[in-house]
Amino acid sequence: MSQYVVAGGTPLVGEVEIGGAKNAALGILAASIMTDETVTVENMPDVRDTNVLLDAMEGIGVEIHRPSRHVVNINGSRVRNVNIEYELIKKIRASYYLVGALLGKYREAEVPLPGGCNIGSRPIDQHIKGFRALGAEVDVEGGVIRARAEKLTGAHIYMDVVTVGATINIMMASCMAEGKTTIENAAKEPHVVDVANFLNSMGAKIRGAGTDVIRISGVRSLHAAEYSIIPDQIEAGTFMFASAITRGDIMIRNVIPKHLESISSKLMEMGCEVDEFDDAVRVVCARGLRPTQIKTLPYPGFPTDMQPQAGVTLATSGGVSTITESIFENRFKYVDEVVRMGADIKVEGNTSIIRGVPKLTGANITAPDLRAGAALVIAALAAEGCSVVDAIHYIERGYEDFELKLKHLGARIEKADGETEIRKQKLKLLSA
Ligand code: UD1
């Protein structure tokens, strides 16, 4: 397992370029196998989750070419089988998108059930409900989901909870079904819209993505497309909070400010200055932070994927804040770690009560999952002294060149692999 060695206490200042949205990329990659023609996807983030999915797709016969780091050409005409047998795919949540894509095109799919971040129980009942409504037989046995249909027929589907994954999966499964499908109470996240736009660029007929009613008219086939993925809302938000917690000044480029509104509003309530430009936001935090109340909600509410970054930042504010996590029950696992850095946080049920402290101090901490891992890194950057953040493979699932981007902003952070290197990097950072 690799670690980050971090010497904290330096405000982050400068510019950072945001990459393509990981969660949109995962849906788009799966959807790209629904045509026999070649699809070109640009602004593809080079992170572990997307690379694992690409490997799994190659494993069933999809041809993949990567002419450059952020561009990928995909041709799904030679898919040999619809049975994904790939140990690693269980580790990424979005493996289930292959069910929607394969079922939609081949009327059959067999995919190991998803793992992903351990942030709470993650049922797939709404995905199954949707596939069944379209006419598929679905069973889950031995950790594998199998879906099969003679014929898929459009249906009226009401989502009992707002779910990003099921909304995207049903859009894919239904876009070549016979007739019309309506998804009610659909998720409105930017990546739902991005996957819909991508499918439409391949000839699908999806209307209403971004609202809570999505209407899909089935088409016979999909065709080639060139598409550029939207910027990553959560990577951008992480750098916005990195600026706040280190009392920095960061210009975050290649973003869609509209997607960041809930994050910008909270940072302004906390006393930061947030300036919006066409495709950039600047977050300046010149003084102490004010406390606030946050509740995670589906888009356009405050994203659950930003909750840990907000939590560690509020731990350094001048008062009492609360965060209520309403999407995933197990998302406070970073709290024990940041408490070891001197934070004063108590968790009661799905709410954390955060009493701001004047400073955090460096400690040896372990990333419990992807976003919590990133949150602990930004906490370490604000803390006095040296920290070692272990299990950074979680962070690498969703952040491209994280430490390089932070270094570019003046962070003192190095990657290490084991005790000897940790000692070496600590000496290097402390003597600099
Ligand atoms: C996606 C994101 C994840 C983000 C989450 C919420 C990807 C790859 N991951 O996850 O980073 O944190 O959206 O924005 O895009 N639920 C059910 N039944 C289902 C499906 C979901 O009850 O069949 C519940 C979940 O337990 C959760 C809520 O619905 O409480 C939202 O989950 P969902 O939006 O589906 O999350 P993911 O798509 O897994």
# chains A, B, ... in the order shown; residues from 1 in each chain; ligands from 1
call {"tool": "residues_near_ligand", "arguments": {"ligand": "ligand 1", "cutoff": "7 Å", "atoms": "only C-alpha atoms and all ligand atoms", "output": "PyMOL selection string"}}
result
chain A and resi 23-24+26+93-94+121-127+161-166+298+303-305+327-328
call {"tool": "write_last_selection", "arguments": {"atoms": "C-alpha atoms", "output": "mmCIF file, in the first residue's frame"}}
result
data_model
loop_
_atom_site.group_PDB
_atom_site.id
_atom_site.type_symbol
_atom_site.label_atom_id
_atom_site.label_comp_id
_atom_site.auth_asym_id
_atom_site.auth_seq_id
_atom_site.Cartn_x
_atom_site.Cartn_y
_atom_site.Cartn_z
ATOM 1 C CA ASN A 23 -18.771 9.158 -12.590
ATOM 2 C CA ALA A 24 -19.918 10.379 -16.009
ATOM 3 C CA LEU A 26 -18.060 5.235 -16.104
ATOM 4 C CA ARG A 93 -19.333 0.347 -8.124
ATOM 5 C CA ALA A 94 -20.119 1.202 -11.701
ATOM 6 C CA SER A 121 -25.318 -0.661 2.183
ATOM 7 C CA ARG A 122 -25.799 -0.143 -1.498
ATOM 8 C CA PRO A 123 -28.910 -1.953 -2.718
ATOM 9 C CA ILE A 124 -29.662 -2.397 -6.422
ATOM 10 C CA ASP A 125 -33.399 -3.062 -6.089
ATOM 11 C CA GLN A 126 -34.300 -0.026 -8.227
ATOM 12 C CA HIS A 127 -32.021 -1.184 -11.055
ATOM 13 C CA VAL A 161 -35.609 6.601 -4.230
ATOM 14 C CA VAL A 162 -33.634 9.111 -6.244
ATOM 15 C CA THR A 163 -30.762 7.024 -7.570
ATOM 16 C CA VAL A 164 -28.086 8.043 -10.033
ATOM 17 C CA GLY A 165 -27.012 4.485 -10.822
ATOM 18 C CA ALA A 166 -30.488 3.103 -11.510
ATOM 19 C CA PRO A 298 -29.521 14.522 -4.426
ATOM 20 C CA PRO A 303 -23.398 16.250 -2.786
ATOM 21 C CA THR A 304 -22.726 13.345 -0.442
ATOM 22 C CA ASP A 305 -19.391 12.970 -2.265
ATOM 23 C CA ILE A 327 -27.736 9.434 1.248
ATOM 24 C CA PHE A 328 -25.252 6.858 2.607
#
call {"tool": "residues_around", "arguments": {"residues": "segment 281-296 of chain A", "least_positions_apart": "2", "cutoff": "7 Å", "atoms": "only C-alpha atoms", "output": "NGL selection string"}}
result
:A and (240 or 243-244 or 247-253 or 257 or 269-277 or 301-304 or 314 or 317-327)
call {"tool": "write_last_selection", "arguments": {"atoms": "N, CA, C and O atoms", "output": "compact mmCIF listing (two decimals), in the first residue's frame"}}
result
# COMPACT_ATOMS: atom_id res chain seq x y z
N MET A 240 -11.83 23.27 -4.14
CA MET A 240 -12.45 24.46 -3.53
C MET A 240 -12.32 24.40 -2.01
O MET A 240 -11.95 25.38 -1.35
N SER A 243 -8.77 24.96 -0.79
CA SER A 243 -8.45 26.38 -0.67
C SER A 243 -8.96 26.92 0.67
O SER A 243 -8.25 27.63 1.38
N ALA A 244 -10.20 26.53 1.01
CA ALA A 244 -10.80 27.03 2.26
C ALA A 244 -10.03 26.55 3.48
O ALA A 244 -9.68 27.34 4.36
N ARG A 247 -6.70 28.13 3.96
CA ARG A 247 -6.79 29.60 3.88
C ARG A 247 -6.01 30.08 2.66
O ARG A 247 -5.12 30.92 2.75
N GLY A 248 -6.34 29.47 1.53
CA GLY A 248 -5.58 29.72 0.31
C GLY A 248 -6.32 30.59 -0.71
O GLY A 248 -7.28 31.31 -0.38
N ASP A 249 -5.86 30.51 -1.94
CA ASP A 249 -6.41 31.30 -3.05
C ASP A 249 -6.20 30.48 -4.32
O ASP A 249 -5.11 30.50 -4.90
N ILE A 250 -7.22 29.72 -4.72
CA ILE A 250 -7.06 28.82 -5.87
C ILE A 250 -8.04 29.17 -6.97
O ILE A 250 -9.24 29.33 -6.73
N MET A 251 -7.51 29.27 -8.18
CA MET A 251 -8.34 29.42 -9.39
C MET A 251 -8.52 28.02 -9.95
O MET A 251 -7.55 27.35 -10.30
N ILE A 252 -9.77 27.56 -10.00
CA ILE A 252 -10.05 26.20 -10.44
C ILE A 252 -10.61 26.27 -11.85
O ILE A 252 -11.72 26.77 -12.06
N ARG A 253 -9.83 25.79 -12.80
CA ARG A 253 -10.18 25.96 -14.21
C ARG A 253 -10.80 24.71 -14.81
O ARG A 253 -10.62 23.61 -14.29
N PRO A 257 -19.43 26.19 -13.57
CA PRO A 257 -19.78 26.78 -12.27
C PRO A 257 -21.19 26.42 -11.79
O PRO A 257 -21.42 26.26 -10.60
N GLU A 269 -21.13 30.99 2.71
CA GLU A 269 -21.68 31.06 4.07
C GLU A 269 -20.57 30.94 5.11
O GLU A 269 -20.65 31.50 6.20
N MET A 270 -19.54 30.16 4.76
CA MET A 270 -18.43 29.94 5.70
C MET A 270 -17.43 31.10 5.69
O MET A 270 -16.45 31.07 6.41
N GLY A 271 -17.67 32.08 4.83
CA GLY A 271 -16.83 33.28 4.83
C GLY A 271 -15.79 33.33 3.73
O GLY A 271 -14.94 34.23 3.71
N CYS A 272 -15.83 32.39 2.79
CA CYS A 272 -14.88 32.43 1.67
C CYS A 272 -15.41 33.34 0.59
O CYS A 272 -16.63 33.55 0.48
N GLU A 273 -14.49 33.82 -0.23
CA GLU A 273 -14.90 34.58 -1.41
C GLU A 273 -14.89 33.61 -2.58
O GLU A 273 -13.88 32.92 -2.80
N VAL A 274 -16.02 33.51 -3.29
CA VAL A 274 -16.06 32.61 -4.45
C VAL A 274 -16.43 33.45 -5.67
O VAL A 274 -17.51 34.06 -5.70
N ASP A 275 -15.52 33.52 -6.63
CA ASP A 275 -15.81 34.26 -7.86
C ASP A 275 -16.04 33.27 -8.99
O ASP A 275 -15.23 32.36 -9.19
N GLU A 276 -17.14 33.49 -9.72
CA GLU A 276 -17.44 32.59 -10.83
C GLU A 276 -17.06 33.23 -12.15
O GLU A 276 -17.35 34.41 -12.39
N PHE A 277 -16.44 32.46 -13.02
CA PHE A 277 -16.13 32.90 -14.38
C PHE A 277 -16.83 31.93 -15.33
O PHE A 277 -17.51 31.01 -14.88
N GLY A 301 -28.90 19.48 -4.56
CA GLY A 301 -28.51 19.65 -3.16
C GLY A 301 -27.02 19.45 -2.97
O GLY A 301 -26.29 19.19 -3.94
N PHE A 302 -26.59 19.54 -1.72
CA PHE A 302 -25.16 19.40 -1.43
C PHE A 302 -24.75 17.93 -1.62
O PHE A 302 -25.35 17.04 -1.01
N PRO A 303 -23.71 17.65 -2.45
CA PRO A 303 -23.40 16.25 -2.79
C PRO A 303 -22.82 15.45 -1.61
O PRO A 303 -21.95 15.96 -0.91
N THR A 304 -23.30 14.23 -1.46
CA THR A 304 -22.73 13.35 -0.44
C THR A 304 -21.23 13.13 -0.68
O THR A 304 -20.46 12.95 0.26
N LEU A 314 -14.86 22.25 8.19
CA LEU A 314 -15.62 22.85 9.29
C LEU A 314 -14.95 22.57 10.63
O LEU A 314 -15.14 23.34 11.59
N SER A 317 -13.27 25.57 11.77
CA SER A 317 -14.00 26.85 11.77
C SER A 317 -14.17 27.36 13.20
O SER A 317 -13.86 26.65 14.16
N GLY A 318 -14.72 28.57 13.32
CA GLY A 318 -14.82 29.16 14.65
C GLY A 318 -16.19 28.99 15.28
O GLY A 318 -16.84 29.97 15.63
N GLY A 319 -16.68 27.78 15.43
CA GLY A 319 -17.99 27.59 16.06
C GLY A 319 -18.48 26.16 15.86
O GLY A 319 -17.71 25.28 15.48
N VAL A 320 -19.78 25.97 16.08
CA VAL A 320 -20.35 24.61 16.02
C VAL A 320 -21.14 24.44 14.72
O VAL A 320 -22.04 25.22 14.42
N SER A 321 -20.79 23.40 13.99
CA SER A 321 -21.49 23.09 12.73
C SER A 321 -22.13 21.72 12.84
O SER A 321 -21.72 20.90 13.67
N THR A 322 -23.11 21.46 11.98
CA THR A 322 -23.64 20.09 11.89
C THR A 322 -23.68 19.67 10.43
O THR A 322 -23.90 20.50 9.54
N ILE A 323 -23.46 18.38 10.24
CA ILE A 323 -23.64 17.81 8.89
C ILE A 323 -24.57 16.62 9.02
O ILE A 323 -24.31 15.71 9.82
N THR A 324 -25.63 16.62 8.23
CA THR A 324 -26.54 15.48 8.20
C THR A 324 -26.34 14.75 6.87
O THR A 324 -26.45 15.35 5.80
N GLU A 325 -26.02 13.47 6.99
CA GLU A 325 -25.78 12.65 5.79
C GLU A 325 -27.05 11.88 5.49
O GLU A 325 -27.44 10.98 6.24
N SER A 326 -27.71 12.23 4.39
CA SER A 326 -29.01 11.59 4.14
C SER A 326 -28.96 10.58 2.98
O SER A 326 -29.99 10.01 2.64
N ILE A 327 -27.79 10.37 2.39
CA ILE A 327 -27.74 9.43 1.25
C ILE A 327 -27.12 8.08 1.64
O ILE A 327 -27.69 7.03 1.40
call {"tool": "atom_distance", "arguments": {"atom1": "atom CA of Val388 of chain A", "atom2": "atom CA of Ala416 of chain A"}}
result
9.2 Å
call {"tool": "closest_atom_pairs", "arguments": {"of": "segment 32-137 of chain A", "to": "segment 207-224 of chain A", "cutoff": "6 Å", "atoms": "only C-alpha atoms", "output": "CSV"}}
result
residue,atom,partner,partner_atom,distance
A:Thr35,CA,A:Leu222,CA,5.1
A:Glu37,CA,A:Ala224,CA,4.9
A:Thr38,CA,A:Ala224,CA,5.3
A:Val39,CA,A:Ala224,CA,5.1
call {"tool": "write_last_selection", "arguments": {"atoms": "N, CA and C atoms", "output": "compact mmCIF listing (two decimals), in the first residue's frame"}}
result
# COMPACT_ATOMS: atom_id res chain seq x y z
N THR A 35 -23.05 0.39 -29.53
CA THR A 35 -23.06 0.50 -30.99
C THR A 35 -21.94 -0.38 -31.55
N GLU A 37 -20.33 0.64 -34.14
CA GLU A 37 -19.39 1.59 -34.76
C GLU A 37 -18.43 2.14 -33.70
N THR A 38 -17.36 2.80 -34.17
CA THR A 38 -16.34 3.27 -33.22
C THR A 38 -16.74 4.59 -32.59
N VAL A 39 -16.59 4.64 -31.30
CA VAL A 39 -16.93 5.84 -30.53
C VAL A 39 -15.62 6.45 -30.00
call {"tool": "select_by_dssp", "arguments": {"residues": "segment 124-296 of chain A", "states": "strand (DSSP E)", "output": "PyMOL selection string"}}
result
chain A and resi 137-141+144-148+156-158+180-184+205-207+213-217+225-228+249-253+273-276+280-284+293-295
call {"tool": "residues_around", "arguments": {"residues": "Ala25 of chain A", "least_positions_apart": "3", "cutoff": "9 Å", "atoms": "only C-alpha atoms", "output": "list in words"}}
result
Gly20, Ala21, Lys22, Ile28, Leu29, Ala30, Val41, Asn43, Met44, Pro45, Thr50, His191, Asp194, Val195, Ile229 and Ile230 of chain A
call {"tool": "residues_around", "arguments": {"residues": "Tyr399 of chain A", "least_positions_apart": "4", "cutoff": "7 Å", "atoms": "only C-alpha atoms", "output": "ChimeraX atom specification"}}
result
/A:47,235,395
